[in-house]
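Next up, target10.txt (compact mmCIF, C-alpha atoms):
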```
# COMPACT_ATOMS: atom_id res chain seq x y z
CA MET A 1 12.57 -67.26 -6.91
CA GLN A 2 14.21 -64.26 -5.31
CA ILE A 3 11.54 -62.98 -2.93
CA VAL A 4 11.75 -59.70 -1.03
CA ILE A 5 9.19 -59.02 1.69
CA VAL A 6 8.76 -55.28 2.20
CA THR A 7 7.23 -54.59 5.59
CA GLY A 8 7.41 -52.08 8.40
CA LEU A 9 5.52 -49.04 9.57
CA SER A 10 2.94 -47.14 7.57
CA GLY A 11 4.57 -43.96 6.31
CA ALA A 12 8.09 -45.38 6.41
CA GLY A 13 8.40 -45.75 2.64
CA LYS A 14 6.89 -49.05 1.47
CA SER A 15 5.37 -47.50 -1.67
CA THR A 16 8.73 -46.01 -2.61
CA ALA A 17 10.40 -49.35 -1.95
CA LEU A 18 7.97 -51.21 -4.21
CA ARG A 19 8.47 -48.71 -7.03
CA ALA A 20 12.25 -49.07 -6.70
CA LEU A 21 12.00 -52.86 -6.83
CA GLU A 22 9.66 -52.67 -9.82
CA ASP A 23 12.31 -50.58 -11.60
CA ILE A 24 14.81 -53.43 -11.21
CA GLU A 25 12.35 -55.93 -12.67
CA PHE A 26 10.66 -57.37 -9.60
CA THR A 27 7.03 -58.38 -9.89
CA CYS A 28 5.45 -56.32 -7.09
CA VAL A 29 2.31 -57.12 -5.11
CA ASP A 30 0.98 -54.82 -2.41
CA ASN A 31 -0.64 -56.36 0.67
CA ILE A 32 -1.76 -59.71 -0.70
CA PRO A 33 -3.46 -61.68 2.12
CA VAL A 34 -0.88 -63.79 3.91
CA PRO A 35 -2.76 -67.09 3.33
CA LEU A 36 -2.50 -66.48 -0.44
CA VAL A 37 1.24 -65.77 -0.59
CA SER A 38 2.24 -69.40 -1.10
CA GLN A 39 -0.37 -69.79 -3.87
CA LEU A 40 0.94 -66.68 -5.62
CA VAL A 41 4.53 -67.95 -5.53
CA ASP A 42 3.49 -71.37 -6.81
CA HIS A 43 1.57 -69.76 -9.67
CA LEU A 44 4.53 -67.58 -10.72
CA VAL A 45 6.89 -70.56 -10.55
CA GLN A 46 4.57 -72.53 -12.84
CA GLU A 47 4.44 -69.65 -15.32
CA GLY A 48 8.22 -69.80 -15.41
CA ASP A 49 8.98 -66.36 -16.86
CA ARG A 50 9.44 -64.38 -13.65
CA ASP A 51 11.99 -65.08 -10.95
CA LYS A 52 11.92 -61.92 -8.81
CA LEU A 53 8.97 -61.13 -6.55
CA ALA A 54 8.41 -58.35 -4.00
CA ILE A 55 5.48 -58.46 -1.58
CA ALA A 56 4.48 -55.61 0.72
CA VAL A 57 2.85 -56.58 4.01
CA ASP A 58 1.71 -54.11 6.65
CA SER A 59 -0.60 -53.70 9.62
CA ARG A 60 -3.71 -53.70 7.45
CA GLN A 61 -3.28 -57.48 7.60
CA ARG A 62 -3.11 -57.66 11.38
CA ARG A 63 -5.67 -60.50 11.41
CA ASN A 64 -3.36 -62.66 9.28
CA LEU A 65 0.03 -61.78 10.75
CA GLY A 66 -0.12 -64.65 13.21
CA GLY A 67 0.58 -67.03 10.33
CA TRP A 68 3.43 -65.03 8.89
CA THR A 69 6.29 -67.01 10.47
CA GLN A 70 4.86 -70.25 9.08
CA ALA A 71 4.42 -68.67 5.63
CA LEU A 72 8.08 -67.58 5.56
CA ALA A 73 9.26 -70.99 6.73
CA LYS A 74 7.28 -72.69 3.95
CA LEU A 75 8.78 -70.47 1.26
CA ARG A 76 12.30 -71.04 2.54
CA GLY A 77 11.60 -74.77 2.72
CA GLN A 78 10.72 -74.72 -0.97
CA GLY A 79 14.16 -73.35 -1.78
CA HIS A 80 13.28 -69.75 -2.54
CA ARG A 81 15.77 -66.99 -1.70
CA LEU A 82 13.89 -64.93 0.84
CA ASP A 83 14.79 -61.58 2.34
CA VAL A 84 12.68 -59.44 4.66
CA MET A 85 13.17 -55.67 4.66
CA PHE A 86 11.60 -53.78 7.58
CA LEU A 87 11.16 -50.04 7.02
CA ASP A 88 11.17 -48.00 10.20
CA ALA A 89 11.11 -44.31 11.11
CA SER A 90 10.78 -42.26 14.25
CA ASP A 91 7.31 -41.41 15.53
CA GLU A 92 8.03 -37.73 14.94
CA VAL A 93 8.88 -38.32 11.29
CA LEU A 94 5.87 -40.58 10.72
CA LEU A 95 3.53 -38.02 12.25
CA ARG A 96 5.02 -35.27 10.12
CA ARG A 97 4.73 -37.30 6.92
CA TYR A 98 1.09 -38.10 7.54
CA SER A 99 0.35 -34.49 8.43
CA GLU A 100 2.03 -33.25 5.26
CA THR A 101 0.27 -35.70 2.95
CA ARG A 102 -3.07 -35.49 4.80
CA ARG A 103 -3.54 -39.19 4.29
CA ARG A 104 -5.40 -41.24 6.87
CA HIS A 105 -3.31 -43.68 8.87
CA PRO A 106 -4.80 -47.21 8.54
CA LEU A 107 -4.92 -47.69 12.33
CA SER A 108 -5.47 -44.13 13.51
CA GLY A 109 -9.20 -43.66 13.83
CA ASP A 110 -9.49 -40.07 15.00
CA GLU A 111 -6.09 -39.97 16.72
CA LEU A 112 -2.96 -40.12 14.54
CA THR A 113 -0.54 -40.53 17.46
CA GLU A 114 -2.47 -43.55 18.72
CA GLY A 115 -2.47 -45.03 15.21
CA VAL A 116 1.30 -44.82 14.96
CA ARG A 117 1.66 -46.43 18.39
CA ARG A 118 -0.66 -49.30 17.48
CA ASP A 119 1.07 -49.78 14.14
CA ARG A 120 4.45 -50.14 15.85
CA GLU A 121 2.98 -52.62 18.31
CA VAL A 122 1.34 -54.76 15.60
CA MET A 123 4.38 -54.82 13.30
CA ASP A 124 6.96 -55.45 16.02
CA GLU A 125 6.73 -59.24 15.56
CA LEU A 126 7.87 -58.95 11.92
CA ARG A 127 11.02 -57.08 12.86
CA PRO A 128 13.28 -59.89 14.23
CA GLY A 129 15.54 -61.29 11.53
CA ALA A 130 14.66 -58.57 9.03
CA ALA A 131 17.01 -56.09 7.40
CA VAL A 132 15.92 -52.90 9.16
CA VAL A 133 16.13 -49.66 7.18
CA ASP A 134 15.48 -46.51 9.19
CA THR A 135 14.13 -43.95 6.72
CA SER A 136 13.85 -41.09 9.22
CA HIS A 137 16.67 -39.18 7.55
CA LEU A 138 16.42 -40.61 4.04
CA ASN A 139 14.72 -38.92 1.14
CA MET A 140 12.95 -40.87 -1.59
CA HIS A 141 15.99 -40.95 -3.87
CA GLN A 142 18.33 -42.20 -1.14
CA LEU A 143 15.94 -45.01 -0.22
CA LYS A 144 15.67 -46.07 -3.86
CA SER A 145 19.47 -46.17 -4.14
CA ILE A 146 19.78 -48.37 -1.04
CA ILE A 147 17.21 -50.80 -2.41
CA GLN A 148 18.84 -50.89 -5.85
CA GLU A 149 22.22 -51.75 -4.35
CA ARG A 150 20.86 -54.38 -1.96
CA TYR A 151 18.39 -56.24 -4.14
CA GLY A 152 20.02 -56.82 -7.46
CA GLY A 153 20.55 -53.56 -9.26
CA THR A 154 23.76 -53.46 -11.27
CA GLY A 155 24.83 -50.25 -9.58
CA LYS A 156 24.99 -48.68 -13.04
CA LEU A 157 22.48 -46.19 -14.39
CA ALA A 158 20.30 -47.65 -17.15
CA VAL A 159 20.57 -45.31 -20.15
CA THR A 160 18.27 -45.63 -23.15
CA LEU A 161 19.50 -44.02 -26.35
CA VAL A 162 16.63 -43.32 -28.75
CA SER A 163 16.98 -42.25 -32.37
CA PHE A 164 13.93 -40.57 -33.89
CA GLY A 165 12.68 -38.33 -36.68
CA PHE A 166 11.34 -34.89 -35.85
CA LYS A 167 8.78 -35.25 -38.65
CA HIS A 168 7.21 -38.07 -36.63
CA GLY A 169 7.10 -36.10 -33.38
CA LEU A 170 9.16 -36.02 -30.20
CA PRO A 171 9.37 -39.14 -28.02
CA ILE A 172 7.01 -38.93 -25.05
CA GLU A 173 9.62 -39.57 -22.36
CA LEU A 174 13.04 -37.95 -22.43
CA ASN A 175 15.68 -36.39 -20.20
CA HIS A 176 17.88 -34.95 -22.97
CA VAL A 177 17.11 -34.34 -26.63
CA PHE A 178 19.71 -33.43 -29.25
CA ASP A 179 18.97 -32.20 -32.78
CA VAL A 180 21.49 -33.40 -35.42
CA ARG A 181 19.70 -32.07 -38.49
CA PHE A 182 22.65 -29.71 -39.09
CA LEU A 183 24.76 -32.67 -40.29
CA PRO A 184 24.94 -33.67 -44.00
CA ASN A 185 21.96 -35.88 -44.86
CA PRO A 186 22.70 -39.28 -46.47
CA TYR A 187 19.11 -39.32 -47.75
CA PHE A 188 20.21 -37.16 -50.68
CA GLU A 189 23.04 -39.51 -51.67
CA PRO A 190 21.68 -42.07 -54.19
CA THR A 191 24.00 -44.82 -52.96
CA LEU A 192 23.01 -44.31 -49.29
CA THR A 193 19.35 -43.28 -49.28
CA HIS A 194 18.05 -46.86 -49.15
CA LEU A 195 20.33 -47.75 -46.21
CA ASP A 196 20.09 -46.67 -42.57
CA GLY A 197 22.54 -45.36 -39.99
CA ARG A 198 23.62 -48.83 -38.89
CA ASP A 199 25.26 -49.42 -42.23
CA PRO A 200 29.04 -48.68 -42.21
CA ALA A 201 28.83 -46.55 -45.35
CA VAL A 202 26.13 -44.33 -43.84
CA ALA A 203 27.99 -44.12 -40.54
CA ALA A 204 31.18 -43.06 -42.33
CA TYR A 205 29.24 -40.35 -44.19
CA VAL A 206 27.57 -39.01 -41.03
CA LEU A 207 30.65 -39.27 -38.81
CA GLY A 208 32.82 -36.90 -40.75
CA PRO A 209 34.63 -34.06 -38.92
CA ASP A 210 31.39 -32.29 -37.91
CA GLY A 211 29.65 -35.54 -36.99
CA LEU A 212 32.52 -36.70 -34.79
CA GLU A 213 32.66 -33.30 -33.10
CA ALA A 214 28.92 -33.48 -32.43
CA VAL A 215 29.35 -36.91 -30.86
CA ARG A 216 32.23 -35.62 -28.75
CA GLN A 217 30.16 -32.69 -27.49
CA VAL A 218 27.12 -34.86 -26.67
CA GLU A 219 29.33 -37.44 -24.98
CA GLY A 220 30.83 -34.72 -22.79
CA ILE A 221 27.40 -33.48 -21.71
CA LEU A 222 26.28 -37.02 -20.89
CA ARG A 223 29.41 -37.91 -18.96
CA PHE A 224 28.74 -34.85 -16.81
CA SER A 225 24.96 -35.17 -16.42
CA LEU A 226 24.41 -38.93 -16.09
CA PRO A 227 26.26 -39.22 -12.74
CA GLN A 228 24.17 -36.29 -11.48
CA PHE A 229 20.96 -38.10 -12.47
CA GLN A 230 22.20 -41.15 -10.59
CA LYS A 231 22.97 -39.12 -7.48
CA GLU A 232 19.36 -37.92 -7.54
CA GLY A 233 18.18 -41.53 -7.32
CA LYS A 234 17.22 -42.12 -10.95
CA LEU A 235 17.52 -45.72 -12.12
CA TYR A 236 17.12 -44.91 -15.80
CA VAL A 237 17.54 -41.95 -18.15
CA THR A 238 16.35 -41.52 -21.74
CA ILE A 239 18.54 -39.66 -24.24
CA CYS A 240 16.97 -38.82 -27.60
CA ILE A 241 18.84 -37.97 -30.81
CA GLY A 242 16.72 -36.58 -33.63
CA CYS A 243 17.14 -35.95 -37.34
CA THR A 244 14.54 -35.35 -40.03
CA GLY A 245 13.21 -38.86 -40.65
CA GLY A 246 14.96 -40.87 -37.95
CA ARG A 247 16.65 -43.23 -40.41
CA HIS A 248 20.21 -42.03 -41.09
CA ARG A 249 21.91 -39.34 -39.01
CA SER A 250 20.27 -39.93 -35.63
CA VAL A 251 20.75 -43.69 -35.94
CA ALA A 252 24.45 -43.36 -36.74
CA ILE A 253 25.02 -40.96 -33.84
CA VAL A 254 23.19 -43.24 -31.39
CA GLU A 255 25.25 -46.24 -32.48
CA GLU A 256 28.48 -44.29 -32.00
CA LEU A 257 27.38 -43.14 -28.55
CA ARG A 258 26.55 -46.74 -27.66
CA LYS A 259 30.17 -47.72 -28.40
CA ARG A 260 31.60 -44.85 -26.39
CA LEU A 261 29.36 -45.06 -23.31
CA GLY A 262 28.66 -48.79 -23.05
CA SER A 263 31.43 -49.56 -20.54
CA SER A 264 30.25 -46.89 -18.08
CA TRP A 265 26.47 -47.42 -18.05
CA ASP A 266 23.89 -50.04 -18.93
CA ILE A 267 23.09 -48.89 -22.45
CA MET A 268 19.89 -49.82 -24.28
CA VAL A 269 19.22 -48.61 -27.83
CA ARG A 270 15.91 -48.02 -29.59
CA HIS A 271 15.69 -46.79 -33.17
CA ARG A 272 12.10 -45.59 -33.10
CA ASP A 273 11.63 -44.53 -36.70
CA VAL A 274 14.32 -46.42 -38.61
CA ASP A 275 11.77 -48.49 -40.54
CA ARG A 276 9.47 -45.61 -41.43
CA GLY A 277 11.68 -44.06 -44.08
CA ASN A 278 11.97 -40.32 -44.73
```
Translate this structure into structure tokens?
Amino acid sequence: MQIVIVTGLSGAGKSTALRALEDIEFTCVDNIPVPLVSQLVDHLVQEGDRDKLAIAVDSRQRRNLGGWTQALAKLRGQGHRLDVMFLDASDEVLLRRYSETRRRHPLSGDELTEGVRRDREVMDELRPGAAVVDTSHLNMHQLKSIIQERYGGTGKLAVTLVSFGFKHGLPIELNHVFDVRFLPNPYFEPTLTHLDGRDPAVAAYVLGPDGLEAVRQVEGILRFSLPQFQKEGKLYVTICIGCTGGRHRSVAIVEELRKRLGSSWDIMVRHRDVDRGN
């Protein structure tokens, strides 16, 4: 397995790191007791359908940290690819983050400054040999981008193109939605009504002069906006194309966009309503 250990100081960004790893298909476990780590890995290996695991370990496990070196050595001895990422930040930044969120530091008691000091002392033994990421001057999106690049992201934005029918309601999650109901509807053509937008005859009907111009306009918007989404730290964006029933026009447009954009981004396609009919 590819195993990433996310550790470091409380408030330095471990939750953000786990979410970023989950977005690139890691199985993520927060603060599993150190003595159980080897059992967890063995169980996932036996299941056989997951090969990327991220485990967060912090000072809440201070009683078990004495066995951490042996736990890492055992995993490496079993042939797993193991990487340790230690998230750090300045005391000033950690204090500010906890003050802003009003969360209780796990080691603070009544004194936040003392909690940060104790946390740094406890976690110091996990630092040697780790990839240290200082998050003092990183925002959430920048940290996610660093993790994506380091731990197996393709570097490309994942873009999901969804065709749908307005009569069945808008998709729940979307970043852009485009309405193509102004295009001629193949539903009213007797030779096309029983087909869907993946059929070449339907595609040729939809992608006449107006259809091709619509695709060109949407493609231009996406080629401008998708890099901006990526700069903001997004790992995936959902683009929705809608027609009346979600069977003909929206499907054909999505398939054409897939061809045009597929070399620039990781494109996934979902035809939500293609089997519902009009």
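When atom CA of Pro184 of chain A is paired with atom CA of Arg272 of chain A, their separation reads 20.6 Å.
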Segment 187-196 of chain A: which residues within 10 Å, counting only C-alpha atoms, same-chain residues fewer than 4 positions away excluded, as a PyMOL selection string?
-> chain A and resi 200-203+205+244-252+274-275+277-278
Could you give me, as a ChimeraX atom specification, the residues within 8 Å of segment 63-68 of chain A, counting only C-alpha atoms and dropping anything in the same chain fewer than 5 positions from it?
-> /A:33-35
Rounded to one decimal in Å, what is the spacing between atom CA of Gly13 of chain A and atom CA of Phe86 of chain A?
->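 Between atom CA of Gly13 of chain A and atom CA of Phe86 of chain A the gap is 10.0 Å.
Among the candidates A:Phe164, A:Phe182, A:Phe26, A:Tyr98, the residue lying nearest to Asp210 of chain A is A:Phe182 (atoms considered: all atoms listed in the file).
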Within 8 Å of (14.2, -47.8, -29.8) (coordinates as in the file), grab all the protein and nucleic acid residues, counting all atoms listed in the file, and write them out as a list in words.
-> Leu161, Val162, Ser163, Val269, Arg270, His271 and Arg272 of chain A
Selected residues written out with C-alpha atoms, as a PDB file, in the frame of the given file:
```pdb
ATOM      1  CA  LEU A 161      19.500 -44.020 -26.350  1.00  0.00           C
ATOM      2  CA  VAL A 162      16.630 -43.320 -28.750  1.00  0.00           C
ATOM      3  CA  SER A 163      16.980 -42.250 -32.370  1.00  0.00           C
ATOM      4  CA  VAL A 269      19.220 -48.610 -27.830  1.00  0.00           C
ATOM      5  CA  ARG A 270      15.910 -48.020 -29.590  1.00  0.00           C
ATOM      6  CA  HIS A 271      15.690 -46.790 -33.170  1.00  0.00           C
ATOM      7  CA  ARG A 272      12.100 -45.590 -33.100  1.00  0.00           C
TER       8      ARG A 272
END
```
Protein, DNA and RNA residues within 8 Å of (11.5, -49.6, -15.2), only C-alpha atoms, as a PDB file with C-alpha atoms, in the coordinates of the input:
```
ATOM      1  CA  GLU A  22       9.660 -52.670  -9.820  1.00  0.00           C
ATOM      2  CA  ASP A  23      12.310 -50.580 -11.600  1.00  0.00           C
ATOM      3  CA  ILE A  24      14.810 -53.430 -11.210  1.00  0.00           C
ATOM      4  CA  GLU A  25      12.350 -55.930 -12.670  1.00  0.00           C
ATOM      5  CA  LEU A 235      17.520 -45.720 -12.120  1.00  0.00           C
ATOM      6  CA  TYR A 236      17.120 -44.910 -15.800  1.00  0.00           C
TER       7      TYR A 236
END
```
